[in-house]
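Asker: Starting off with a structure, shown below.
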Amino acid sequence: MKTILGFDQEDARFIFNIWRTNLADRYLGSVLGAIWAILNPLIMFALFTFVFAFVFKARIPGADSSLSYSIWLICGYGPWLANSEALMASSNAIISNSGLVKNMAFKTEVLPIASTLIGVVPLGVSLIFLVILQFFNGEGFSWSLVWLPFVIFVQFLFLTALGFLLAVITTFVRDFGILLPNLLLICLFGTPIFYSIETLPTVVQNIEAFNPFYIISEAYRSVLLGHQSPNLIAIISLGAISWGLTIFNLKIFRRIKGFFASII
């Protein structure tokens, strides 16, 4: 049976089952259940659209309406919401599945992967929401959509690489799990998602060019709004670095995972 980084088809099925279970457990006991997985991102999109497009009346170059700005904003914030959900979930992957880790013999490295894939849900909702908004704005899509699967792959490869590391850190340092939302908030407002990069000083623009979160958001905007290919040098470089980090962090995870049961 073919394997990739030591994972086979059985592991892939196990990852899917854990992903489905984690998603169901998140909304266990609520009246609407898994529908909240759709409602939560929609509420955030509506909130930021109202605040930035109608209260602050933000504009970007070439945008002649609040709806155009809303589309531009959600095209960057949707992938960010996926980033945030994935990293928060993967950081708690071992702790939240302590019962499995202690009582079952399996590859615990599948847990951060399954948790990272939680980000697929808000990303999917954001893409559907964008289609609807672009329809009302009289816009369409083009050949550039062929790049979308590659951009999504690079994004989740990067998140998986970080997920292995965050899962290890949070398991041994519980305070990091409390600090992480604040770090993500800093990254959110430090990344040109709600504002154009042209508003920043040149030296900051040069630094942002190496920001992986900015590379990802701009790749989505290029493909979905710019009707062009993403910055190939940037996105391919990020993919290569993410692959290397995945291998490196996975090795660290596998060396340390034997201590998880005694820690949690």
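Here, A, B, ... name the chains of the structure tokens in the order displayed, residue numbers run from 1 inside each chain, and ligands are numbered from 1 in the same displayed order.
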Could you give me, as a short mmCIF file (atom, residue, chain, number, x, y, z; two decimals) with all heavy atoms, in the first residue's frame, the residues within 9 Å of A:Ile215, counting only C-alpha atoms and dropping anything in the same chain fewer than 3 positions from it?
Answerer:
data_model
loop_
_atom_site.label_atom_id
_atom_site.label_comp_id
_atom_site.auth_asym_id
_atom_site.auth_seq_id
_atom_site.Cartn_x
_atom_site.Cartn_y
_atom_site.Cartn_z
N GLU A 208 5.89 42.60 4.27
CA GLU A 208 4.63 41.87 4.09
C GLU A 208 4.71 40.89 2.92
O GLU A 208 3.99 39.88 2.91
CB GLU A 208 3.48 42.84 3.85
CG GLU A 208 3.04 43.64 5.06
CD GLU A 208 2.29 42.80 6.07
OE1 GLU A 208 2.04 41.61 5.82
OE2 GLU A 208 1.94 43.36 7.13
N ALA A 209 5.58 41.16 1.97
CA ALA A 209 5.72 40.27 0.82
C ALA A 209 6.14 38.86 1.24
O ALA A 209 5.94 37.90 0.50
CB ALA A 209 6.71 40.85 -0.18
N PHE A 210 6.74 38.74 2.45
CA PHE A 210 7.19 37.45 2.95
C PHE A 210 6.22 36.88 3.99
O PHE A 210 6.48 35.82 4.57
CB PHE A 210 8.58 37.57 3.57
CG PHE A 210 9.64 37.96 2.58
CD1 PHE A 210 10.01 39.29 2.42
CD2 PHE A 210 10.26 37.01 1.78
CE1 PHE A 210 10.98 39.66 1.51
CE2 PHE A 210 11.24 37.36 0.87
CZ PHE A 210 11.59 38.69 0.72
N ASN A 211 5.13 37.58 4.24
CA ASN A 211 4.13 37.13 5.20
C ASN A 211 3.28 36.03 4.55
O ASN A 211 2.56 36.29 3.59
CB ASN A 211 3.24 38.32 5.61
CG ASN A 211 2.16 37.95 6.60
OD1 ASN A 211 1.90 36.78 6.87
ND2 ASN A 211 1.51 38.95 7.16
N PRO A 212 3.34 34.79 5.05
CA PRO A 212 2.58 33.70 4.40
C PRO A 212 1.08 33.95 4.38
O PRO A 212 0.40 33.55 3.42
CB PRO A 212 2.94 32.47 5.23
CG PRO A 212 3.46 33.01 6.53
CD PRO A 212 4.10 34.31 6.20
N GLU A 218 -3.65 37.14 -0.93
CA GLU A 218 -3.48 37.75 -2.24
C GLU A 218 -3.65 36.74 -3.36
O GLU A 218 -4.11 37.09 -4.46
CB GLU A 218 -2.10 38.42 -2.33
CG GLU A 218 -2.04 39.78 -1.68
CD GLU A 218 -3.06 40.74 -2.27
OE1 GLU A 218 -2.97 41.06 -3.47
OE2 GLU A 218 -3.98 41.14 -1.54
N ALA A 219 -3.27 35.50 -3.10
CA ALA A 219 -3.46 34.45 -4.12
C ALA A 219 -4.95 34.25 -4.39
O ALA A 219 -5.37 34.14 -5.55
CB ALA A 219 -2.82 33.15 -3.65
N TYR A 220 -5.75 34.24 -3.34
CA TYR A 220 -7.20 34.11 -3.53
C TYR A 220 -7.76 35.32 -4.27
O TYR A 220 -8.61 35.18 -5.16
CB TYR A 220 -7.90 33.98 -2.18
CG TYR A 220 -7.90 32.58 -1.63
CD1 TYR A 220 -6.98 32.18 -0.66
CD2 TYR A 220 -8.83 31.64 -2.08
CE1 TYR A 220 -6.99 30.88 -0.15
CE2 TYR A 220 -8.84 30.34 -1.59
CZ TYR A 220 -7.91 29.97 -0.63
OH TYR A 220 -7.92 28.68 -0.13
N PRO A 230 -2.04 33.58 -9.57
CA PRO A 230 -1.43 34.17 -8.38
C PRO A 230 0.05 34.45 -8.63
O PRO A 230 0.60 34.08 -9.67
CB PRO A 230 -1.61 33.07 -7.32
CG PRO A 230 -1.66 31.80 -8.11
CD PRO A 230 -2.37 32.16 -9.40
N ASN A 231 0.67 35.12 -7.69
CA ASN A 231 2.11 35.35 -7.75
C ASN A 231 2.79 33.99 -7.64
O ASN A 231 2.93 33.43 -6.56
CB ASN A 231 2.54 36.26 -6.60
CG ASN A 231 4.02 36.64 -6.67
OD1 ASN A 231 4.84 35.87 -7.16
ND2 ASN A 231 4.34 37.82 -6.19
N ALA A 234 5.84 33.50 -5.32
CA ALA A 234 5.48 33.53 -3.91
C ALA A 234 4.75 32.27 -3.48
O ALA A 234 5.08 31.65 -2.46
CB ALA A 234 4.64 34.77 -3.61
N ILE A 235 3.73 31.84 -4.23
CA ILE A 235 2.90 30.72 -3.81
C ILE A 235 3.65 29.40 -3.94
O ILE A 235 3.49 28.49 -3.10
CB ILE A 235 1.57 30.69 -4.61
CG1 ILE A 235 0.53 29.83 -3.88
CG2 ILE A 235 1.79 30.22 -6.03
CD1 ILE A 235 0.01 30.41 -2.61
N LEU A 238 6.12 29.31 -1.07
CA LEU A 238 5.42 28.99 0.17
C LEU A 238 5.09 27.50 0.22
O LEU A 238 5.21 26.87 1.28
CB LEU A 238 4.14 29.81 0.28
CG LEU A 238 3.27 29.55 1.52
CD1 LEU A 238 4.06 29.84 2.81
CD2 LEU A 238 2.00 30.39 1.49
#
Asker: Taking the DSSP secondary structure from the backbone, can you list the residues of stretch 130-210 of chain A that are helix (DSSP H, G or I), as an MDAnalysis selection string?
Answerer: chainID A and resid 130:136 143:172 174:190 197:199 202:208
Asker: Output C-alpha atoms for every residue in the selection just made, as an mmCIF file, in the first residue's frame.
Answerer:
data_model
loop_
_atom_site.group_PDB
_atom_site.id
_atom_site.type_symbol
_atom_site.label_atom_id
_atom_site.label_comp_id
_atom_site.auth_asym_id
_atom_site.auth_seq_id
_atom_site.Cartn_x
_atom_site.Cartn_y
_atom_site.Cartn_z
ATOM 1 C CA LEU A 130 -18.459 35.226 -2.711
ATOM 2 C CA VAL A 131 -20.211 33.593 -5.660
ATOM 3 C CA ILE A 132 -23.519 35.040 -4.464
ATOM 4 C CA LEU A 133 -22.095 38.532 -3.903
ATOM 5 C CA GLN A 134 -20.359 38.577 -7.273
ATOM 6 C CA PHE A 135 -23.597 37.535 -8.945
ATOM 7 C CA PHE A 136 -25.395 40.520 -7.406
ATOM 8 C CA TRP A 143 -10.017 30.790 -16.429
ATOM 9 C CA SER A 144 -8.006 31.851 -13.377
ATOM 10 C CA LEU A 145 -10.180 29.532 -11.262
ATOM 11 C CA VAL A 146 -7.990 26.642 -12.431
ATOM 12 C CA TRP A 147 -5.425 27.899 -9.901
ATOM 13 C CA LEU A 148 -7.869 27.680 -6.990
ATOM 14 C CA PRO A 149 -7.230 23.999 -6.066
ATOM 15 C CA PHE A 150 -3.482 24.657 -6.012
ATOM 16 C CA VAL A 151 -3.898 27.706 -3.772
ATOM 17 C CA ILE A 152 -6.120 25.717 -1.394
ATOM 18 C CA PHE A 153 -3.581 22.880 -1.342
ATOM 19 C CA VAL A 154 -0.697 25.214 -0.478
ATOM 20 C CA GLN A 155 -2.768 26.931 2.201
ATOM 21 C CA PHE A 156 -3.643 23.707 4.017
ATOM 22 C CA LEU A 157 -0.156 22.302 3.561
ATOM 23 C CA PHE A 158 1.132 25.387 5.361
ATOM 24 C CA LEU A 159 -1.534 25.053 8.068
ATOM 25 C CA THR A 160 -0.740 21.364 8.533
ATOM 26 C CA ALA A 161 2.943 22.166 9.007
ATOM 27 C CA LEU A 162 2.070 24.708 11.695
ATOM 28 C CA GLY A 163 -0.564 22.378 13.160
ATOM 29 C CA PHE A 164 1.955 19.669 14.092
ATOM 30 C CA LEU A 165 4.101 22.216 15.908
ATOM 31 C CA LEU A 166 1.224 23.991 17.667
ATOM 32 C CA ALA A 167 -0.225 20.670 18.859
ATOM 33 C CA VAL A 168 3.074 19.768 20.511
ATOM 34 C CA ILE A 169 3.587 23.186 22.095
ATOM 35 C CA THR A 170 0.042 23.441 23.480
ATOM 36 C CA THR A 171 0.146 19.916 24.892
ATOM 37 C CA PHE A 172 3.210 20.715 26.984
ATOM 38 C CA ARG A 174 -1.177 24.923 28.183
ATOM 39 C CA ASP A 175 -0.752 28.692 28.500
ATOM 40 C CA PHE A 176 0.110 28.821 24.810
ATOM 41 C CA GLY A 177 -3.429 27.736 23.960
ATOM 42 C CA ILE A 178 -4.709 30.780 25.857
ATOM 43 C CA LEU A 179 -2.192 33.074 24.162
ATOM 44 C CA LEU A 180 -2.783 31.809 20.622
ATOM 45 C CA PRO A 181 -6.049 33.727 19.931
ATOM 46 C CA ASN A 182 -4.262 36.972 20.778
ATOM 47 C CA LEU A 183 -1.350 36.082 18.494
ATOM 48 C CA LEU A 184 -3.768 35.323 15.679
ATOM 49 C CA LEU A 185 -5.544 38.636 16.240
ATOM 50 C CA ILE A 186 -2.201 40.453 15.936
ATOM 51 C CA CYS A 187 -1.494 38.551 12.711
ATOM 52 C CA LEU A 188 -4.954 39.416 11.385
ATOM 53 C CA PHE A 189 -4.570 43.175 11.759
ATOM 54 C CA GLY A 190 -0.885 43.027 10.860
ATOM 55 C CA ILE A 197 -0.988 46.977 1.125
ATOM 56 C CA GLU A 198 -0.450 50.245 -0.786
ATOM 57 C CA THR A 199 -1.491 52.147 2.353
ATOM 58 C CA THR A 202 7.389 50.877 1.409
ATOM 59 C CA VAL A 203 9.617 49.123 3.933
ATOM 60 C CA VAL A 204 6.570 47.470 5.533
ATOM 61 C CA GLN A 205 5.275 46.450 2.109
ATOM 62 C CA ASN A 206 8.578 44.683 1.468
ATOM 63 C CA ILE A 207 8.253 42.816 4.766
ATOM 64 C CA GLU A 208 4.629 41.867 4.088
#
Asker: If we count only C-alpha atoms and set the cut-off at 9 Å, which residues sit around stretch 102-104 of chain A, ignoring sequence neighbours fewer than 6 positions away in its own chain? Please answer as a ChimeraX atom specification.
Answerer: /A:260-262,264
Asker: Would you output that residue set with N, CA and C atoms, as a PDB file, in the first residue's frame?
Answerer:
ATOM      1  N   PHE A 260       2.857  12.029  25.280  1.00  0.00           N
ATOM      2  CA  PHE A 260       1.557  12.684  25.349  1.00  0.00           C
ATOM      3  C   PHE A 260       0.664  12.074  26.428  1.00  0.00           C
ATOM      4  N   ALA A 261       0.582  10.736  26.456  1.00  0.00           N
ATOM      5  CA  ALA A 261      -0.334  10.068  27.382  1.00  0.00           C
ATOM      6  C   ALA A 261      -0.040  10.429  28.837  1.00  0.00           C
ATOM      7  N   SER A 262       1.225  10.611  29.181  1.00  0.00           N
ATOM      8  CA  SER A 262       1.592  10.928  30.558  1.00  0.00           C
ATOM      9  C   SER A 262       1.376  12.403  30.881  1.00  0.00           C
ATOM     10  N   ILE A 264      -1.141  14.514  29.350  1.00  0.00           N
ATOM     11  CA  ILE A 264      -2.549  14.896  29.332  1.00  0.00           C
ATOM     12  C   ILE A 264      -3.376  14.110  30.345  1.00  0.00           C
TER      13      ILE A 264
END
Asker: Excluding stretch 35-42 of chain A and any residue of its chain fewer than 3 positions from it, enumerate the residues within 9 Å of it, using only C-alpha atoms, and give them as a list in words.
Answerer: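 So, after excluding close chain neighbours, the residues are Leu23, Tyr27, Ser30, Leu32, Phe45, Ala46, Leu47, Gly78, Leu81, Val121, Pro122, Leu123, Val125, Ser126 and Phe129 of chain A.
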